[in-house]
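Trainee: Got a file for you: my_file.txt, compact mmCIF, C-alpha atoms.
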```txt
# COMPACT_ATOMS: atom_id res chain seq x y z
CA MET U 1 205.37 84.30 67.92
CA LYS U 2 206.31 82.57 64.71
CA GLU U 3 208.32 83.94 61.80
CA ILE U 4 206.81 83.39 58.34
CA SER U 5 209.14 83.13 55.33
CA ASN U 6 206.66 83.30 52.44
CA ILE U 7 203.02 83.53 51.35
CA ASN U 8 202.63 79.74 51.38
CA GLY U 9 203.63 79.63 55.05
CA LEU U 10 201.02 82.27 55.80
CA LYS U 11 198.32 80.40 53.86
CA LYS U 12 199.11 77.23 55.84
CA GLU U 13 198.70 79.12 59.13
CA LEU U 14 195.43 80.67 57.92
CA LYS U 15 194.02 77.24 57.04
CA THR U 16 194.82 75.74 60.45
CA ASN U 17 194.03 78.67 62.78
CA LYS U 18 190.86 80.73 63.26
CA ASN U 19 192.44 84.01 64.45
CA VAL U 20 195.81 85.04 63.03
CA TRP U 21 197.74 88.30 63.38
CA LEU U 22 200.63 89.01 61.03
CA LEU U 23 203.10 91.84 61.64
CA LEU U 24 204.85 93.02 58.50
CA TYR U 25 207.92 95.03 59.48
CA LYS U 26 211.36 96.11 58.29
CA LYS U 27 214.12 95.15 60.71
CA GLY U 28 216.37 98.10 61.54
CA SER U 29 213.66 100.73 61.03
CA GLU U 30 212.84 102.63 64.24
CA GLN U 31 209.04 102.36 63.81
CA SER U 32 209.24 98.70 62.78
CA ASP U 33 211.57 97.75 65.63
CA CYS U 34 209.17 99.49 68.04
CA ALA U 35 206.20 97.57 66.57
CA PHE U 36 208.08 94.25 66.66
CA SER U 37 209.06 94.73 70.31
CA SER U 38 205.50 95.58 71.39
CA PHE U 39 204.07 92.73 69.31
CA GLU U 40 206.52 90.27 70.87
CA GLU U 41 205.64 91.48 74.38
CA SER U 42 201.93 91.09 73.56
CA GLU U 43 202.22 87.36 72.97
CA ALA U 44 201.43 86.74 76.64
CA ASP U 45 198.21 88.78 76.30
CA VAL U 46 196.55 86.73 73.57
CA ASP U 47 194.50 83.60 73.96
CA LYS U 48 193.53 81.33 71.06
CA GLN U 49 195.13 83.70 68.56
CA VAL U 50 198.26 83.09 66.53
CA LEU U 51 200.91 85.80 66.21
CA LEU U 52 203.13 85.76 63.12
CA ASN U 53 205.78 88.10 61.78
CA ALA U 54 207.51 88.68 58.47
CA ASP U 55 210.42 91.01 57.68
CA VAL U 56 209.64 92.59 54.29
CA THR U 57 213.35 92.89 53.47
CA THR U 58 213.55 89.10 53.17
CA VAL U 59 209.90 88.10 52.66
CA ARG U 60 208.87 89.72 49.40
CA ASP U 61 205.63 87.96 48.43
CA ILE U 62 203.23 88.74 51.31
CA HIS U 63 202.89 92.54 51.35
CA PRO U 64 202.06 92.84 47.62
CA GLU U 65 199.35 90.19 48.05
CA PHE U 66 197.53 92.46 50.54
CA LYS U 67 198.55 95.77 48.90
CA VAL U 68 200.60 96.84 51.93
CA THR U 69 202.91 99.70 50.95
CA THR U 70 204.15 100.89 54.35
CA VAL U 71 205.43 99.09 57.42
CA PRO U 72 204.98 98.36 60.22
CA THR U 73 201.55 97.01 59.38
CA LEU U 74 199.56 94.49 61.41
CA LEU U 75 197.11 92.31 59.48
CA SER U 76 194.22 90.61 61.26
CA PHE U 77 192.74 87.43 59.78
CA GLU U 78 189.65 85.53 60.87
CA ASN U 79 188.79 82.17 59.32
CA GLY U 80 191.35 82.82 56.58
CA GLU U 81 189.88 86.22 55.62
CA LEU U 82 191.63 89.56 56.06
CA LYS U 83 189.50 91.51 58.56
CA ASN U 84 191.54 94.56 59.53
CA ILE U 85 194.78 96.43 58.93
CA VAL U 86 196.48 98.37 61.73
CA LYS U 87 199.44 100.57 60.81
CA GLY U 88 202.21 101.98 62.95
CA CYS U 89 203.79 101.21 66.29
CA HIS U 90 201.43 100.64 69.21
CA SER U 91 202.21 99.99 72.86
CA ARG U 92 201.60 96.59 74.43
CA GLU U 93 198.48 98.00 76.16
CA GLN U 94 197.10 99.31 72.87
CA LEU U 95 197.76 95.99 71.15
CA LYS U 96 196.06 94.14 73.99
CA ALA U 97 192.98 96.31 73.51
CA ILE U 98 193.06 95.70 69.76
CA PHE U 99 193.36 91.91 70.27
CA GLU U 100 190.56 91.86 72.85
CA LYS U 101 188.21 93.94 70.70
CA ALA U 102 188.89 91.73 67.68
CA SER U 103 187.92 88.63 69.62
CA PHE U 104 184.35 89.84 70.16
CA ILE U 105 183.63 92.31 67.35
CA ALA U 106 180.68 91.12 65.31
CA THR U 107 179.42 92.41 62.00
CA ASN U 108 176.16 93.46 63.64
CA SER U 109 175.82 95.56 66.75
CA GLU U 110 173.88 94.47 69.83
CA ASP U 111 170.75 96.28 68.67
CA GLY U 112 170.70 94.28 65.43
CA LYS U 113 171.65 97.21 63.19
CA PRO U 114 174.44 96.53 60.70
CA GLN U 115 177.78 98.20 61.41
CA LYS U 116 178.31 101.40 59.47
CA SER U 117 180.77 101.49 56.61
CA VAL U 118 183.86 103.41 57.74
CA THR U 119 186.84 104.39 55.58
CA VAL U 120 189.76 106.49 56.86
CA TYR U 121 191.91 108.32 54.31
CA THR U 122 195.46 108.70 55.63
CA THR U 123 199.13 109.26 54.90
CA PRO U 124 201.99 107.53 56.75
CA THR U 125 203.33 110.73 58.36
CA CYS U 126 199.97 112.08 59.59
CA THR U 127 199.74 112.06 63.41
CA TRP U 128 196.03 112.99 63.42
CA CYS U 129 195.40 110.00 61.14
CA THR U 130 196.87 107.76 63.85
CA THR U 131 194.65 109.47 66.43
CA VAL U 132 191.51 108.78 64.38
CA LYS U 133 192.46 105.14 63.83
CA ARG U 134 193.25 104.56 67.52
CA HIS U 135 189.96 106.16 68.52
CA LEU U 136 188.04 103.83 66.20
CA GLN U 137 190.02 100.79 67.40
CA GLU U 138 189.40 101.66 71.05
CA HIS U 139 185.66 101.61 70.36
CA GLY U 140 185.71 98.39 68.34
CA VAL U 141 184.85 100.07 65.04
CA GLN U 142 186.04 98.17 62.00
CA PHE U 143 187.32 100.40 59.24
CA ARG U 144 189.16 100.34 55.96
CA GLU U 145 192.29 102.47 55.68
CA VAL U 146 193.27 104.08 52.38
CA ASP U 147 196.77 105.58 52.11
CA VAL U 148 196.24 108.46 49.66
CA SER U 149 200.00 109.06 49.37
CA THR U 150 200.27 105.84 47.34
CA ASN U 151 196.82 105.70 45.75
CA GLN U 152 196.31 108.58 43.30
CA LYS U 153 192.77 107.55 42.31
CA ALA U 154 191.67 107.40 45.94
CA ALA U 155 193.29 110.80 46.60
CA GLU U 156 191.42 112.34 43.66
CA GLU U 157 188.14 110.78 44.78
CA MET U 158 188.68 112.04 48.34
CA VAL U 159 189.27 115.62 47.11
CA ARG U 160 186.29 115.40 44.75
CA ARG U 161 183.98 114.34 47.59
CA SER U 162 185.21 116.69 50.32
CA GLY U 163 186.74 119.56 48.38
CA GLN U 164 189.83 119.30 50.58
CA GLN U 165 193.24 117.64 50.32
CA GLY U 166 194.06 117.39 54.03
CA VAL U 167 194.01 114.14 55.98
CA PRO U 168 192.68 112.46 57.93
CA GLN U 169 189.32 112.25 56.28
CA THR U 170 186.79 109.75 57.58
CA ASP U 171 183.90 108.50 55.48
CA ILE U 172 181.08 107.16 57.65
CA ASN U 173 178.26 105.81 55.49
CA GLY U 174 178.96 108.50 52.89
CA GLN U 175 179.37 111.42 55.31
CA ILE U 176 182.85 112.93 55.16
CA ILE U 177 184.61 114.27 58.27
CA VAL U 178 187.80 116.24 57.65
CA GLY U 179 190.29 116.10 60.52
CA PHE U 180 189.71 114.49 63.91
CA ASP U 181 186.26 115.76 64.87
CA LYS U 182 185.68 113.41 67.81
CA VAL U 183 182.19 114.73 68.62
CA ARG U 184 180.94 114.26 65.05
CA ILE U 185 182.60 110.84 64.66
CA ASN U 186 181.08 109.66 67.94
CA SER U 187 177.68 111.02 66.93
CA LEU U 188 177.66 109.30 63.54
CA LEU U 189 178.87 105.99 65.03
CA GLY U 190 176.70 106.08 68.15
CA ILE U 191 179.69 106.16 70.49
CA SER U 192 178.84 107.60 73.90
```
Any chance you could give the structure as structure tokens?

Mentor:
Amino acid sequence: MKEISNINGLKKELKTNKNVWLLLYKKGSEQSDCAFSSFEESEADVDKQVLLNADVTTVRDIHPEFKVTTVPTLLSFENGELKNIVKGCHSREQLKAIFEKASFIATNSEDGKPQKSVTVYTTPTCTWCTTVKRHLQEHGVQFREVDVSTNQKAAEEMVRRSGQQGVPQTDINGQIIVGFDKVRINSLLGIS
């Protein structure tokens, strides 16, 4: 695992490596220290992927570039493009599953149908939000996460569409699911 000191160092790594994972964390924070420890342990589990880390207390130009407002946050890059954002502390086993899924996730499914558009509306303190995200990750579903505690426009749009303020809310191709309704999520995504 390599420590990155600025955005230029990250850009250099992205140019020379196909698959890059960057952990943004804050040293001394319980959640961040947990994430750093698991990420460090996971280095032995990855093949042909580069693991990087940056402490946001000293590296100030990376997280604004990717609109990251909470840490720990794990950014996944493929061919220089940001592909996924994973927030929170995950165990080594969970990270291994995330790394393995990322190495073979394609934009189209095996039956040739395009992957559905999935957005998860969350807040940093929401445990059910973490459950939804882990469920999607375990099934190789790519999704966009929107933290409504820091994005007022997104929060207003979420309430306008669902009529509810609670999170998590998952938008799957325009259909809103409030809470963690595993049966409905699996049905809409074709997860068996």

Trainee: Could you name the residues that touch region 20-33 of chain U at 6 Å or less, counting all atoms listed in the file, but leaving out those on the same chain fewer than 3 positions away, as a list in words?

Mentor: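 Here the answer would be Phe36, Gln49, Val50, Leu51, Leu52, Asn53, Ala54, Asp55, Val56, Val71, Pro72, Thr73, Leu74, Leu75, Ser76, Phe77 and Cys89 of chain U.
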
Trainee: Go through U:Lys12, U:Ser42, U:Asp147, U:Ser192 and flag the residue nearest Thr70 (chain U), using only C-alpha atoms for the distances.

Mentor: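 Between U:Lys12, U:Ser42, U:Asp147, U:Ser192, the residue approaching Thr70 (chain U) most closely is U:Asp147.
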
Trainee: With all atoms listed in the file as the basis for distance, which of U:Arg60, U:Ile176, U:Glu157, U:Leu95 is at the shortest distance from Ile4 (chain U)?

Mentor: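 Closest residue, counting all atoms listed in the file: U:Arg60.
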
Trainee: What does the distance from CA of Asp171 (chain U) to CA of Asn19 (chain U) come to in Å, to one decimal?

Mentor: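 According to the coordinates, CA of Asp171 (chain U) and CA of Asn19 (chain U) are separated by 27.4 Å.
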
Trainee: Taking only C-alpha atoms into account, which of U:Gln137, U:Thr150, U:Ser187, U:Thr127 comes nearest Pro168 (chain U)?

Mentor: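 Answer, going by the shortest atom-to-atom distance: U:Thr127.
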
Trainee: CA of Gln164 (chain U) to CA of Asn151 (chain U): how many Å, to one decimal?

Mentor: 16.0 Å

Trainee: How far is it from CA of Ser37 (chain U) to CA of Gly88 (chain U), in Å with one decimal?

Mentor: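 Going from CA of Ser37 (chain U) over to CA of Gly88 (chain U) covers 12.4 Å.
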
Trainee: Using only C-alpha atoms, which protein or nucleic acid residues come within 8 Å of region 116-122 of chain U? Drop anything in the same chain fewer than 2 positions from it, and give the result as a list of chain:residue names.

Mentor: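 Near region 116-122 of chain U, the qualifying residues are U:Pro114, U:Pro124, U:Cys126, U:Cys129, U:Lys133, U:Gln142, U:Phe143, U:Arg144, U:Glu145, U:Val146, U:Asp147, U:Val148, U:Ser149, U:Met158, U:Val167, U:Pro168, U:Gln169, U:Thr170, U:Asp171, U:Ile172, U:Asn173, U:Leu189.
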
Trainee: Considering all atoms listed in the file, can you say which of U:Phe66, U:Gly166, U:Ala97, U:Thr16 comes closest to Ile85 (chain U)?

Mentor: U:Phe66

Trainee: Report as a list in words all protein, DNA and RNA residues lying within 6 Å of Ile62 (chain U), evaluated on only C-alpha atoms, omitting residues in the same chain fewer than 2 positions from it.

Mentor: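 Contacts, with the query itself left out: Ile7, Pro64 and Glu65 of chain U.
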